[in-house]
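Novice: Got start23.cif for you, mmCIF, C-alpha atoms and all ligand atoms:
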data_upload
loop_
_atom_site.label_atom_id
_atom_site.label_comp_id
_atom_site.auth_asym_id
_atom_site.auth_seq_id
_atom_site.Cartn_x
_atom_site.Cartn_y
_atom_site.Cartn_z
CA GLY A 745 -34.16 -23.43 9.25
CA ALA A 746 -36.17 -22.92 12.43
CA PRO A 747 -35.59 -19.66 14.30
CA GLY A 748 -32.60 -19.92 16.60
CA ALA A 749 -31.40 -23.06 14.83
CA GLU A 750 -29.29 -21.46 12.12
CA THR A 751 -25.82 -22.88 11.77
CA PRO A 752 -23.10 -20.60 13.14
CA ALA A 753 -21.34 -18.55 10.46
CA ALA A 754 -18.02 -19.92 9.21
CA PRO A 755 -15.10 -18.20 10.96
CA ILE A 756 -13.61 -15.24 9.12
CA LEU A 757 -10.14 -16.10 10.43
CA GLN A 758 -9.05 -19.54 11.46
CA LEU A 759 -5.83 -20.61 13.17
CA VAL A 760 -4.87 -24.26 13.24
CA GLY A 761 -1.77 -25.38 15.16
CA VAL A 762 -0.05 -22.02 14.73
CA ARG A 763 3.46 -21.94 16.20
CA LYS A 764 6.29 -19.44 16.03
CA THR A 765 9.83 -20.19 17.03
CA PHE A 766 12.80 -17.83 17.13
CA GLY A 767 15.96 -19.93 17.03
CA GLY A 768 15.39 -22.54 19.72
CA PHE A 769 12.75 -20.47 21.54
CA THR A 770 9.03 -21.05 21.02
CA ALA A 771 7.12 -17.77 21.44
CA VAL A 772 3.73 -19.12 20.31
CA GLN A 773 2.88 -22.80 20.79
CA GLY A 774 0.24 -24.52 18.73
CA ILE A 775 -2.70 -22.11 18.76
CA ASP A 776 -6.13 -23.16 17.47
CA LEU A 777 -8.65 -20.36 17.24
CA ASP A 778 -11.74 -19.45 15.23
CA VAL A 779 -12.47 -15.75 14.92
CA ARG A 780 -16.11 -15.03 14.07
CA GLU A 781 -17.04 -12.46 11.51
CA GLY A 782 -17.94 -9.17 13.19
CA GLU A 783 -16.74 -10.06 16.67
CA PHE A 784 -14.57 -8.01 18.99
CA LEU A 785 -11.94 -10.45 20.21
CA THR A 786 -9.28 -9.37 22.68
CA ILE A 787 -6.11 -11.30 23.41
CA VAL A 788 -4.77 -10.61 26.89
CA GLY A 789 -1.80 -11.97 28.75
CA PRO A 790 1.21 -10.89 30.76
CA SER A 791 4.29 -9.40 29.17
CA GLY A 792 6.15 -11.94 27.05
CA SER A 793 3.19 -14.32 26.70
CA GLY A 794 3.26 -14.08 22.89
CA LYS A 795 0.47 -11.61 22.10
CA THR A 796 2.50 -9.43 19.75
CA THR A 797 4.02 -12.44 18.01
CA LEU A 798 0.53 -13.83 17.41
CA LEU A 799 -0.76 -10.50 16.13
CA ARG A 800 2.21 -10.07 13.80
CA MET A 801 1.39 -13.41 12.18
CA LEU A 802 -2.29 -12.49 11.86
CA ALA A 803 -1.39 -9.15 10.28
CA GLY A 804 1.13 -10.74 7.90
CA MET A 805 4.26 -9.14 9.34
CA ASP A 806 5.57 -12.56 10.32
CA THR A 807 5.08 -16.08 8.98
CA PRO A 808 4.13 -18.99 11.26
CA SER A 809 6.86 -21.61 11.75
CA GLU A 810 4.11 -24.24 11.72
CA GLY A 811 0.35 -24.36 11.28
CA ASN A 812 -2.13 -22.54 9.10
CA ILE A 813 -3.89 -19.20 9.16
CA THR A 814 -6.87 -18.95 6.83
CA LEU A 815 -9.06 -15.96 5.96
CA HIS A 816 -12.47 -16.92 4.54
CA GLY A 817 -11.03 -20.42 4.14
CA GLU A 818 -8.00 -19.32 2.10
CA LEU A 819 -4.49 -19.91 3.36
CA ILE A 820 -2.81 -16.56 4.08
CA ASN A 821 0.37 -17.65 5.94
CA ASP A 822 2.65 -16.00 3.40
CA ILE A 823 0.49 -13.11 2.18
CA PRO A 824 2.14 -9.77 3.04
CA PRO A 825 0.22 -7.14 5.07
CA ASN A 826 -0.55 -4.87 2.12
CA ARG A 827 -2.21 -7.74 0.23
CA ARG A 828 -4.53 -8.70 3.10
CA PRO A 829 -7.93 -7.10 3.70
CA THR A 830 -6.74 -6.22 7.18
CA CYS A 831 -5.33 -3.17 8.91
CA LEU A 832 -3.23 -2.69 12.01
CA VAL A 833 -3.65 0.24 14.42
CA PHE A 834 -0.88 0.50 16.96
CA GLN A 835 0.20 2.61 19.88
CA SER A 836 2.62 4.80 17.94
CA LEU A 837 -0.16 5.41 15.35
CA ALA A 838 2.34 6.09 12.53
CA LEU A 839 0.56 9.24 11.31
CA PHE A 840 2.22 11.58 8.80
CA PRO A 841 3.32 14.44 11.06
CA HIS A 842 3.46 17.17 8.42
CA LYS A 843 0.06 16.42 6.95
CA SER A 844 -3.40 17.54 7.98
CA VAL A 845 -6.02 15.38 9.63
CA GLY A 846 -7.85 15.12 6.31
CA GLU A 847 -4.74 14.14 4.35
CA ASN A 848 -3.86 11.50 6.89
CA ILE A 849 -7.31 9.96 6.77
CA ALA A 850 -7.55 10.15 2.97
CA PHE A 851 -4.10 8.65 2.39
CA PRO A 852 -5.28 5.06 1.72
CA LEU A 853 -7.81 6.43 -0.78
CA LYS A 854 -5.12 8.40 -2.58
CA VAL A 855 -3.03 5.25 -2.88
CA LYS A 856 -6.04 3.51 -4.41
CA GLY A 857 -6.38 6.33 -6.96
CA VAL A 858 -9.66 7.78 -5.67
CA ASP A 859 -10.16 11.35 -6.99
CA ALA A 860 -9.76 14.38 -4.73
CA ALA A 861 -13.45 15.25 -4.33
CA ALA A 862 -14.43 11.67 -3.46
CA ARG A 863 -11.46 11.41 -1.06
CA LYS A 864 -12.56 14.51 0.78
CA ALA A 865 -16.17 13.36 1.01
CA ARG A 866 -15.15 9.98 2.40
CA ALA A 867 -12.63 11.47 4.84
CA LEU A 868 -15.31 13.82 6.21
CA GLU A 869 -17.68 10.89 6.55
CA LEU A 870 -15.05 8.93 8.49
CA MET A 871 -14.36 11.96 10.69
CA ARG A 872 -18.04 11.91 11.65
CA VAL A 873 -17.80 8.19 12.43
CA VAL A 874 -14.89 8.72 14.83
CA ARG A 875 -16.42 11.95 16.18
CA LEU A 876 -13.83 14.43 14.97
CA PRO A 877 -15.23 17.91 14.24
CA GLU A 878 -15.47 18.78 10.55
CA ASP A 879 -13.22 21.87 10.92
CA TYR A 880 -10.33 19.58 11.91
CA PHE A 881 -10.04 18.55 8.27
CA ASP A 882 -7.24 21.06 7.57
CA LYS A 883 -5.69 20.99 11.05
CA ASN A 884 -2.13 19.74 11.28
CA VAL A 885 -2.22 16.35 12.93
CA MET A 886 0.60 17.28 15.35
CA LYS A 887 -1.63 20.04 16.74
CA CYS A 888 -4.20 17.45 17.79
CA SER A 889 -4.34 15.96 21.29
CA GLY A 890 -3.40 12.33 21.96
CA GLY A 891 -7.04 11.27 21.93
CA GLU A 892 -7.74 13.15 18.70
CA ARG A 893 -4.74 11.56 16.99
CA GLN A 894 -6.07 8.22 18.10
CA ARG A 895 -9.29 9.01 16.28
CA VAL A 896 -7.37 10.12 13.17
CA ALA A 897 -5.50 6.82 13.14
CA LEU A 898 -8.77 4.94 13.48
CA ALA A 899 -10.44 6.90 10.71
CA ARG A 900 -7.44 6.21 8.47
CA ALA A 901 -7.67 2.51 9.28
CA PHE A 902 -11.34 2.56 8.26
CA ALA A 903 -10.38 4.34 5.02
CA TYR A 904 -8.64 1.12 3.94
CA ASP A 905 -12.07 -0.50 4.32
CA PRO A 906 -10.50 -3.58 5.88
CA GLU A 907 -12.50 -6.64 6.82
CA VAL A 908 -10.46 -7.14 9.99
CA LEU A 909 -8.87 -4.44 12.15
CA PHE A 910 -6.01 -5.35 14.45
CA PHE A 911 -5.20 -3.18 17.44
CA ASP A 912 -1.87 -3.41 19.24
CA GLU A 913 -2.32 -1.69 22.62
CA PRO A 914 -3.55 1.52 20.97
CA LEU A 915 -4.70 3.11 24.24
CA SER A 916 -1.81 2.22 26.52
CA ALA A 917 -0.08 5.62 26.29
CA LEU A 918 -3.17 7.65 27.17
CA ASP A 919 -4.24 8.98 30.55
CA TYR A 920 -6.83 7.04 32.50
CA LYS A 921 -9.86 9.20 31.81
CA LEU A 922 -9.27 9.48 28.08
CA LYS A 923 -8.58 5.77 27.89
CA LYS A 924 -11.89 4.98 29.61
CA ALA A 925 -13.74 7.28 27.19
CA LEU A 926 -12.02 5.80 24.12
CA GLU A 927 -12.68 2.23 25.26
CA LYS A 928 -16.40 2.93 25.19
CA GLU A 929 -16.12 4.76 21.85
CA LEU A 930 -14.20 1.90 20.32
CA LYS A 931 -16.91 -0.47 21.43
CA ASP A 932 -19.56 1.79 19.84
CA LEU A 933 -17.50 2.02 16.65
CA HIS A 934 -17.24 -1.72 16.52
CA ARG A 935 -20.99 -2.05 16.75
CA GLU A 936 -21.66 0.72 14.21
CA THR A 937 -19.20 -0.57 11.60
CA GLY A 938 -19.82 -4.30 12.06
CA LYS A 939 -16.13 -5.02 11.31
CA THR A 940 -14.11 -7.78 12.96
CA PHE A 941 -11.83 -6.33 15.65
CA ILE A 942 -8.86 -8.19 17.11
CA TYR A 943 -7.28 -6.31 19.95
CA ILE A 944 -4.28 -7.09 22.12
CA THR A 945 -3.58 -5.63 25.52
CA HIS A 946 -2.18 -6.60 28.87
CA SER A 947 -4.99 -4.68 30.57
CA LEU A 948 -7.74 -7.04 31.44
CA GLU A 949 -9.94 -4.14 32.44
CA GLU A 950 -9.77 -2.84 28.88
CA ALA A 951 -10.59 -6.29 27.54
CA MET A 952 -13.57 -6.70 29.86
CA VAL A 953 -15.20 -3.42 28.82
CA MET A 954 -14.92 -3.85 25.07
CA SER A 955 -14.82 -7.46 24.02
CA ASP A 956 -17.35 -10.02 22.85
CA ARG A 957 -14.74 -12.68 23.66
CA ILE A 958 -11.40 -12.68 25.43
CA GLY A 959 -8.51 -15.06 24.83
CA VAL A 960 -6.04 -15.37 27.71
CA MET A 961 -2.43 -16.20 26.77
CA ARG A 962 0.23 -17.62 29.01
CA ALA A 963 3.72 -18.65 27.93
CA GLY A 964 2.78 -18.85 24.25
CA ARG A 965 -0.45 -20.78 24.78
CA LEU A 966 -4.04 -19.67 24.58
CA VAL A 967 -5.25 -21.06 27.89
CA GLN A 968 -8.88 -19.93 27.73
CA VAL A 969 -11.18 -18.25 25.23
CA GLY A 970 -14.61 -17.06 26.33
CA THR A 971 -16.96 -14.18 26.96
CA PRO A 972 -15.87 -11.71 29.66
CA GLU A 973 -18.43 -13.35 31.97
CA GLU A 974 -17.01 -16.82 31.30
CA ILE A 975 -13.44 -15.70 31.87
CA TYR A 976 -14.35 -13.95 35.09
CA GLY A 977 -17.00 -16.36 36.32
CA ALA A 978 -15.56 -19.70 35.18
CA PRO A 979 -11.77 -19.48 34.85
CA VAL A 980 -10.12 -22.75 33.78
CA ASP A 981 -7.20 -22.52 36.18
CA ARG A 982 -5.66 -20.41 38.93
CA PHE A 983 -3.57 -18.42 36.46
CA VAL A 984 -6.70 -17.19 34.66
CA SER A 985 -8.61 -16.67 37.92
CA GLU A 986 -5.82 -14.47 39.27
CA PHE A 987 -5.21 -12.67 36.01
CA VAL A 988 -8.79 -11.50 35.83
CA GLY A 989 -9.25 -10.24 39.36
CA GLU A 990 -8.51 -10.68 43.01
CA VAL A 991 -9.12 -14.06 44.55
CA ASN A 992 -8.93 -16.00 47.78
CA THR A 993 -7.42 -19.43 47.22
CA ILE A 994 -7.47 -22.38 49.59
CA ARG A 995 -5.66 -25.59 48.85
CA VAL A 996 -7.69 -28.68 49.78
CA LYS A 997 -7.31 -32.45 49.72
CA ARG A 998 -9.83 -35.23 49.75
CA GLU A 999 -10.36 -37.11 52.99
CA ALA A 1000 -11.10 -40.82 53.39
CA ASP A 1001 -14.81 -40.05 53.90
CA GLY A 1002 -14.94 -38.16 50.57
CA GLY A 1003 -15.05 -34.70 52.18
CA TRP A 1004 -12.45 -31.99 51.69
CA ALA A 1005 -9.94 -30.72 54.23
CA GLY A 1006 -7.90 -27.54 54.01
CA VAL A 1007 -4.13 -27.91 53.44
CA ASP A 1008 -3.06 -24.29 53.98
CA VAL A 1009 -5.95 -23.38 56.31
CA PRO A 1010 -7.37 -25.78 58.88
CA GLY A 1011 -10.98 -26.83 58.44
CA ARG A 1012 -13.39 -28.82 56.31
CA PHE A 1013 -14.87 -27.26 53.21
CA THR A 1014 -17.82 -27.85 50.94
CA LEU A 1015 -16.86 -27.54 47.27
CA ALA A 1016 -18.73 -27.11 44.05
CA PRO A 1017 -17.91 -29.92 41.60
CA PRO A 1018 -15.06 -28.98 39.24
CA ARG A 1019 -16.40 -27.53 35.99
CA ASP A 1020 -14.80 -30.16 33.76
CA GLY A 1021 -16.18 -32.99 35.92
CA THR A 1022 -12.79 -34.54 36.71
CA ALA A 1023 -12.45 -36.47 39.96
CA LEU A 1024 -9.73 -34.72 41.93
CA ASP A 1025 -7.87 -35.73 45.08
CA GLU A 1026 -6.29 -32.33 45.48
CA ALA A 1027 -7.84 -29.07 44.40
CA PHE A 1028 -7.92 -25.33 44.89
CA VAL A 1029 -11.00 -23.50 46.08
CA VAL A 1030 -11.07 -20.02 44.60
CA VAL A 1031 -13.47 -17.39 45.96
CA ARG A 1032 -13.66 -13.85 44.66
CA PRO A 1033 -13.67 -11.19 47.43
CA GLU A 1034 -17.17 -10.04 46.50
CA PHE A 1035 -18.54 -13.54 47.14
CA MET A 1036 -17.23 -13.58 50.71
CA ARG A 1037 -19.44 -12.14 53.44
CA PHE A 1038 -19.34 -11.59 57.18
CA LEU A 1039 -21.62 -13.89 59.10
CA GLY A 1040 -23.64 -12.67 62.08
CA PRO A 1041 -24.81 -14.95 64.94
CA GLY A 1042 -27.73 -16.68 63.18
CA ASP A 1043 -26.34 -16.54 59.61
CA SER A 1044 -25.56 -19.70 57.69
CA ALA A 1045 -23.18 -20.42 54.82
CA ASP A 1046 -21.71 -23.57 53.27
CA ASN A 1047 -18.25 -22.58 54.46
CA ARG A 1048 -16.92 -20.45 57.29
CA LEU A 1049 -13.60 -19.23 58.67
CA GLU A 1050 -12.80 -17.25 61.81
CA GLY A 1051 -10.47 -14.30 61.42
CA ILE A 1052 -9.40 -10.82 62.51
CA VAL A 1053 -9.88 -7.64 60.48
CA TYR A 1054 -6.54 -5.94 60.08
CA ASN A 1055 -7.00 -3.55 57.16
CA GLU A 1056 -9.80 -1.86 55.32
CA TYR A 1057 -9.58 0.04 52.06
CA SER A 1058 -12.10 2.31 50.45
CA LEU A 1059 -12.66 1.56 46.75
CA GLY A 1060 -15.19 4.38 46.47
CA SER A 1061 -18.55 2.67 46.21
CA ARG A 1062 -17.12 -0.52 47.72
CA ILE A 1063 -14.97 -1.42 50.70
CA GLN A 1064 -12.35 -4.11 50.84
CA TYR A 1065 -11.19 -5.83 54.03
CA GLN A 1066 -8.08 -7.85 54.67
CA ILE A 1067 -8.73 -10.57 57.20
CA ARG A 1068 -6.05 -12.64 58.94
CA VAL A 1069 -7.00 -16.25 59.45
CA ASP A 1070 -5.00 -18.54 61.72
CA ALA A 1071 -3.42 -21.15 59.46
CA GLY A 1072 -1.93 -23.40 62.16
CA ALA A 1073 1.58 -24.52 61.32
CA ALA A 1074 1.60 -22.29 58.22
CA GLY A 1075 1.24 -19.18 60.39
CA GLU A 1076 -1.59 -17.13 58.99
CA LYS A 1077 -3.31 -16.53 55.70
CA VAL A 1078 -4.86 -13.31 54.49
CA PHE A 1079 -8.34 -13.26 52.95
CA LEU A 1080 -10.01 -10.45 51.04
CA VAL A 1081 -13.66 -9.54 51.47
CA GLU A 1082 -15.29 -6.86 49.34
CA LEU A 1083 -18.63 -5.34 50.25
CA SER A 1084 -20.76 -2.52 48.96
CA ARG A 1085 -20.41 0.54 51.15
CA SER A 1086 -23.96 0.12 52.43
CA ARG A 1087 -23.00 -3.24 53.99
CA ALA A 1088 -19.73 -2.03 55.54
CA LEU A 1089 -18.66 -3.05 59.04
CA PRO A 1090 -18.44 -0.26 61.60
CA PRO A 1091 -14.95 1.25 61.26
CA GLY A 1092 -12.04 -0.18 63.22
CA THR A 1093 -9.60 -3.02 62.93
CA ASP A 1094 -8.62 -5.95 65.17
CA ARG A 1095 -12.21 -7.09 65.40
CA ALA A 1096 -12.97 -10.80 65.27
CA VAL A 1097 -15.18 -11.80 62.36
CA THR A 1098 -16.59 -14.93 60.77
CA LEU A 1099 -16.18 -15.15 56.99
CA GLY A 1100 -18.67 -17.16 55.02
CA TRP A 1101 -19.25 -18.24 51.43
CA ASP A 1102 -21.40 -20.70 49.58
CA ALA A 1103 -19.98 -23.53 47.50
CA ALA A 1104 -21.87 -22.36 44.42
CA ASP A 1105 -20.10 -18.97 44.57
CA ALA A 1106 -16.60 -20.49 44.48
CA PHE A 1107 -14.65 -22.31 41.76
CA THR A 1108 -13.00 -25.68 42.25
CA LEU A 1109 -9.86 -25.81 40.12
CA GLY A 1110 -7.42 -28.64 39.59
CA SER A 1111 -4.36 -26.52 38.88
P1 LIG B 1201 4.36 -7.54 25.74
O1 LIG B 1201 3.03 -7.43 26.44
O2 LIG B 1201 5.49 -7.24 26.65
O3 LIG B 1201 4.42 -6.81 24.44
P2 LIG B 1201 3.85 -10.05 24.38
O4 LIG B 1201 2.85 -10.91 25.07
O5 LIG B 1201 3.38 -9.26 23.22
O6 LIG B 1201 4.59 -9.12 25.43
P3 LIG B 1201 5.80 -11.10 22.53
O7 LIG B 1201 6.33 -9.76 22.15
O8 LIG B 1201 4.96 -11.78 21.54
O9 LIG B 1201 5.04 -11.01 23.93
O10 LIG B 1201 7.03 -12.00 22.91
C1 LIG B 1201 6.88 -13.36 23.30
C2 LIG B 1201 8.26 -13.95 23.52
O11 LIG B 1201 8.94 -14.10 22.28
C3 LIG B 1201 9.15 -13.10 24.39
O12 LIG B 1201 9.89 -13.95 25.25
C4 LIG B 1201 10.05 -12.41 23.39
O13 LIG B 1201 11.32 -12.12 23.96
C5 LIG B 1201 10.17 -13.43 22.29
N1 LIG B 1201 10.37 -12.80 20.97
C6 LIG B 1201 9.49 -11.99 20.32
N2 LIG B 1201 9.98 -11.61 19.12
C7 LIG B 1201 11.21 -12.16 19.01
C8 LIG B 1201 12.23 -12.16 18.00
N3 LIG B 1201 12.08 -11.47 16.87
N4 LIG B 1201 13.35 -12.85 18.24
C9 LIG B 1201 13.52 -13.56 19.38
N5 LIG B 1201 12.60 -13.62 20.36
C10 LIG B 1201 11.46 -12.94 20.19
#
What do you get writing this file as structure tokens?

Specialist:
Amino acid sequence: GAPGAETPAAPILQLVGVRKTFGGFTAVQGIDLDVREGEFLTIVGPSGSGKTTLLRMLAGMDTPSEGNITLHGELINDIPPNRRPTCLVFQSLALFPHKSVGENIAFPLKVKGVDAAARKARALELMRVVRLPEDYFDKNVMKCSGGERQRVALARAFAYDPEVLFFDEPLSALDYKLKKALEKELKDLHRETGKTFIYITHSLEEAMVMSDRIGVMRAGRLVQVGTPEEIYGAPVDRFVSEFVGEVNTIRVKREADGGWAGVDVPGRFTLAPPRDGTALDEAFVVVRPEFMRFLGPGDSADNRLEGIVYNEYSLGSRIQYQIRVDAGAAGEKVFLVELSRSRALPPGTDRAVTLGWDAADAFTLGS
């Protein structure tokens, strides 16, 4: 076909109406999802939202109560983990403690009956891929650091030569700096190997850094699937908008003249049309702190609010302000404004300020 007009590749994994119930409790409710070959897909959601249950079904450790999971178009609902071309890497890593790095990595090859010389060559190759020094080959795995063991587990997963790798919060036990470094390495590894990665975490920050797409789960449902930019920049509801970052939310209702009036803050507001085009009578205006600004005397903005600065926090390169806005009968409402350090207000609190934002920089959400 014409360049740019090729049909999208068939999904490698497909979920149709996948549900899982435990007794009378539904942990995963009717999930439809296409996973593209070679993508890095992260499932995020709060504790108890069903991420692990979903992953266990994908990896074959559990069977769906309803619905179908297909791999390359073949139904795999009841295929056990060891008969799927997939591999799971989890937080506890499950390495063999008394064996060397090399033996751990070569284990899947040994099971397949690969001879010793070929096993060693492949294990060394995989050690290069995950950036473990060659002289670690004979090192006992328990003498490796947490980050190094993580790499051993990854190399071992690659030794299975799986088509899909599943990751169950593999970085959650590591310290912040190591975690940040491994996030970037995992992303590089994904690109270098071209494998399909499905990753679950409750850390949205982790998901944002690594993923091609993110799926957000809430109470057993997949409420939104999109690129990190879509999830951050066009959340489908307030739950997603709040899960992926700080927000200012104003409840509004439609007036007789078609304009919008604040419910929890007095005033009239100009709104962007809701993304799905629905006509709403009540809505929520959601503005991220970095899209709020302070207005000077001649400055204009679609929307404005008067308030008092009562707190400021340094975020390093950025500064965040908490602003109290008089909310009439409701008392007061706190707004967050985040600016780059170069645009900071002179220090000091209790100053009166005017907040402003443009309709195009806010989301209008129905729920
Ligand atoms: P976390 O981030 O805390 O690991 P999660 O999003 O992975 O949470 P799941 O572990 O999938 O959530 O659990 C989803 C819901 O299903 C929870 O309410 C949990 O108690 C329930 N659940 C999970 N496994 C079982 C089981 N074997 N029997 C009964 N209930 C279960």

Novice: Show me which residues line ligand LIG 1201 (chain B), defined as having an atom within 7 Å of a ligand atom where all atoms listed in the file count, and present them as an MDAnalysis selection string.

Specialist: chainID A and resid 766 769 771 789:798 945:946 964

Novice: Store the residues picked out above in a file with C-alpha atoms, as a CSV table (one decimal), in the frame of the given file.

Specialist:
chain,number,residue,atom,x,y,z
A,766,PHE,CA,12.8,-17.8,17.1
A,769,PHE,CA,12.8,-20.5,21.5
A,771,ALA,CA,7.1,-17.8,21.4
A,789,GLY,CA,-1.8,-12.0,28.8
A,790,PRO,CA,1.2,-10.9,30.8
A,791,SER,CA,4.3,-9.4,29.2
A,792,GLY,CA,6.2,-11.9,27.0
A,793,SER,CA,3.2,-14.3,26.7
A,794,GLY,CA,3.3,-14.1,22.9
A,795,LYS,CA,0.5,-11.6,22.1
A,796,THR,CA,2.5,-9.4,19.8
A,797,THR,CA,4.0,-12.4,18.0
A,798,LEU,CA,0.5,-13.8,17.4
A,945,THR,CA,-3.6,-5.6,25.5
A,946,HIS,CA,-2.2,-6.6,28.9
A,964,GLY,CA,2.8,-18.8,24.2

Novice: Residues within 12 Å of Ala917 (chain A), please, as a list in words. Count all atoms listed in the file; anything in the same chain fewer than 3 positions from it doesn't count.

Specialist: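 Counting all atoms listed in the file, the residues come to Phe834, Gln835, Ser836, Leu837, Gly890, Gly891, Arg893, Gln894, Asp912, Glu913, Pro914, Tyr920, Lys921, Leu922, Lys923 and Thr945 of chain A.
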
Novice: Could you take the residues named above and write them with C-alpha atoms, as a PDB file, in the coordinates of the input?

Specialist:
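Contents of result-v1.pdb, as written:
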ATOM      1  CA  PHE A 834      -0.880   0.500  16.960  1.00  0.00           C
ATOM      2  CA  GLN A 835       0.200   2.610  19.880  1.00  0.00           C
ATOM      3  CA  SER A 836       2.620   4.800  17.940  1.00  0.00           C
ATOM      4  CA  LEU A 837      -0.160   5.410  15.350  1.00  0.00           C
ATOM      5  CA  GLY A 890      -3.400  12.330  21.960  1.00  0.00           C
ATOM      6  CA  GLY A 891      -7.040  11.270  21.930  1.00  0.00           C
ATOM      7  CA  ARG A 893      -4.740  11.560  16.990  1.00  0.00           C
ATOM      8  CA  GLN A 894      -6.070   8.220  18.100  1.00  0.00           C
ATOM      9  CA  ASP A 912      -1.870  -3.410  19.240  1.00  0.00           C
ATOM     10  CA  GLU A 913      -2.320  -1.690  22.620  1.00  0.00           C
ATOM     11  CA  PRO A 914      -3.550   1.520  20.970  1.00  0.00           C
ATOM     12  CA  TYR A 920      -6.830   7.040  32.500  1.00  0.00           C
ATOM     13  CA  LYS A 921      -9.860   9.200  31.810  1.00  0.00           C
ATOM     14  CA  LEU A 922      -9.270   9.480  28.080  1.00  0.00           C
ATOM     15  CA  LYS A 923      -8.580   5.770  27.890  1.00  0.00           C
ATOM     16  CA  THR A 945      -3.580  -5.630  25.520  1.00  0.00           C
TER      17      THR A 945
END

Novice: Which is closest to Ala951 (chain A) among A:Arg1048, A:Lys928, A:Lys887, A:Lys856, if we use only C-alpha atoms?

Specialist: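 Selected residue with least distance to Ala951 (chain A): A:Lys928.
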
Novice: Between A:Lys939, A:Val760, A:Leu868, A:Thr770, which has the minimum distance to Ala963 (chain A) (counting all atoms listed in the file)?

Specialist: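 Residue with the minimum atom-to-atom distance to Ala963 (chain A): A:Thr770.
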
Novice: Taking only C-alpha atoms into account, which of A:Phe1035, A:Gln773, A:Asn884, A:Arg900 comes nearest Arg863 (chain A)?

Specialist: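 Ranking A:Phe1035, A:Gln773, A:Asn884, A:Arg900 by distance to Arg863 (chain A), first place goes to A:Arg900.
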